[in-house]
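Chemist: Structure incoming, see below.
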Amino acid sequence: MKKVQDGDFSKMGELFDRHHGALFGYFYRMTSNAAQSEDLIQNVFYRLLKYRHTYKNDGKFVYWMYAIARNIYKDQYRKKDPMLYSDELSELNEKVSEDMNMEEHMESTEQEALLKKAMKKIDPEKREAIVLSKFQGLKYQEIAAMSDVSENAIKARVRRGLMELRSIMEGAELNE
Amino acid sequence: MKEIDEFLSKKCKEASDELTLKLNQAEATEEDLDILCLKYPDCEKTLREIFDTWQKLDSLKVPEESSDRRDRFYKMLGDFEKDNEKKIPITNAKTFDYSSLLKFAAVLVIGIFIGILSTNYNQNENGTDQNSNTSILTSVVSTSTTERLAAVQSIKSIDSPEDQVFEALYQAIINDPNINVRLSSIEAILHFADRPAARSKLIKALVYQDSPIVQMTLAEVVIRLQEEGAIEELKQLIKTNQLHPEVKMQLKETLDTL
């Protein structure tokens, strides 16, 4: 990142190769939409470039990256950010994503489909705490620091999130 | 809004947190779960449900990313670089073609001034402020644009800079290949506008500018300073044909006000 800060933007390609997979996992689990997740990743790297001067080399790069990713996710869902990077592929991908989602849905197992449904229904803060702690390898302390809340608050979000997932899944099974 | 764990006892909340903390650290196994259930028998159902749900999350698969993801990334990177270039325009082909040469010239010229400055300091007993002058000026000759910018910015923190510092800034204004370094140098000199040596360098620099942005900035600075000493330089500058029409107009207006 230091080299990017010094104007060598080609180094951003290395960062993209290293981190896009993890970011895709984060956004996909948050949105359940593959095409949208890819758009959001573009925006993360756009903002990493745009705000490169604000990165201080005293912290882990991934924390900064996830802090930006979280903000982009929030902005997207609040629809408050007109600055989001977009290209002509985005519109096309939105259409494709509907087909992809249908296909993915058909292929997924019943349990996965139930979980996906439940994940969409729980509060985004709880969903995020689960995703970051379970899949992105971040510790409670790190998530708490990024979210500007206490570690206990993150523990509570994970606990409640898991209980809500369980409850939604059980309710769905009963209704079937 | 009521939370789902509202009716969970404090003890069971603690037990659940202990379990999820272990899960987060990737250490929790079925054995750990059994131990926790023995430790908190009243919370066994909750603990097993939380453990089970956590394990089930593994079935949540992530699809393959599209094959054009890299192309899209590099398109975005290209767009960003273009935007970035627009914000920091290179003013003419000559500057662009000979930027390495200019950089070398800037380093050489400023280096000579540092040499002079260092010699003077060795002869002088009063060290602290002068040492900071020398160390900052050493950074002004750095080959890294970021370091040169930082060095120019830090000059503003010197309480009473030597006249040679203004000379170094002047050399940066007329020689540095990076427009941001040149603009920062103007700003740094302006910071000491109460010093005649600083003002004279700003006026002197006007004649040597080929960048419209730097010319405009210097013209604005001269207006702000209401510097009558700039009249001759401004007249000389207006006579040349190298000026951007807008700059020429602004300089004429400046002359009228002086």
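FYI, nothing fancy with the structure tokens labels: chains A, B, ... in order, residues from 1 per chain, ligands from 1 as they appear.
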Between chain B and chain A, at 9 Å or less, what are the per-residue closest atom pairs and their distances in Å? Count only C-alpha atoms, order by chain and rising residue number, and return it as CSV.

Modeler:
```
residue,atom,partner,partner_atom,distance
B:Glu3,CA,A:Arg160,CA,7.4
B:Ile4,CA,A:Arg160,CA,6.3
B:Asp5,CA,A:Arg160,CA,6.4
B:Lys13,CA,A:Arg159,CA,8.0
B:Ser16,CA,A:Arg159,CA,6.7
B:Asp17,CA,A:Lys155,CA,6.0
B:Thr20,CA,A:Arg159,CA,7.2
B:Leu21,CA,A:Lys155,CA,7.5
B:Leu23,CA,A:Lys134,CA,8.0
B:Asn24,CA,A:Ser133,CA,5.8
B:Gln25,CA,A:Lys139,CA,7.1
B:Ala26,CA,A:Lys134,CA,8.8
B:Thr46,CA,A:Met163,CA,8.4
B:Glu49,CA,A:Arg166,CA,7.4
B:Ile50,CA,A:Leu162,CA,6.1
B:Phe51,CA,A:Leu162,CA,8.9
B:Asp52,CA,A:Arg166,CA,9.0
B:Thr53,CA,A:Arg166,CA,6.3
B:Trp54,CA,A:Leu162,CA,7.1
B:Lys56,CA,A:Gln111,CA,8.1
B:Leu57,CA,A:Leu115,CA,7.3
B:Asp58,CA,A:Phe135,CA,8.8
B:Ser59,CA,A:Glu112,CA,5.7
B:Leu60,CA,A:Glu112,CA,5.5
B:Lys61,CA,A:Glu112,CA,7.7
B:Val62,CA,A:Gly25,CA,6.3
B:Pro63,CA,A:Ala34,CA,7.2
B:Glu64,CA,A:Ala34,CA,8.4
B:Glu65,CA,A:Ala34,CA,7.3
B:Ser66,CA,A:Ala35,CA,8.1
B:Arg69,CA,A:Glu38,CA,7.3
B:Arg70,CA,A:Asp17,CA,8.4
B:Arg72,CA,A:Gln42,CA,7.8
B:Phe73,CA,A:Gln42,CA,6.3
B:Tyr74,CA,A:Gly13,CA,7.7
B:Lys75,CA,A:Asp87,CA,8.7
B:Met76,CA,A:Tyr46,CA,7.2
B:Leu77,CA,A:Tyr46,CA,7.5
B:Phe80,CA,A:Tyr46,CA,7.5
B:Glu81,CA,A:Phe9,CA,7.7
B:Ser144,CA,A:Asp6,CA,7.8
B:Thr145,CA,A:Asp6,CA,7.7
B:Thr146,CA,A:Asp6,CA,6.4
```

Chemist: Which value, in Å to one decimal, gives the distance between atom CA of B:Leu33 and atom CA of B:Leu19?

Modeler: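 For atom CA of B:Leu33 relative to atom CA of B:Leu19, the distance reads 7.3 Å.
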
Chemist: How many Å lie between atom CA of A:Ala172 and atom CA of B:Lys2, rounded to one decimal?

Modeler: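 Separation of atom CA of A:Ala172 and atom CA of B:Lys2: 20.7 Å.
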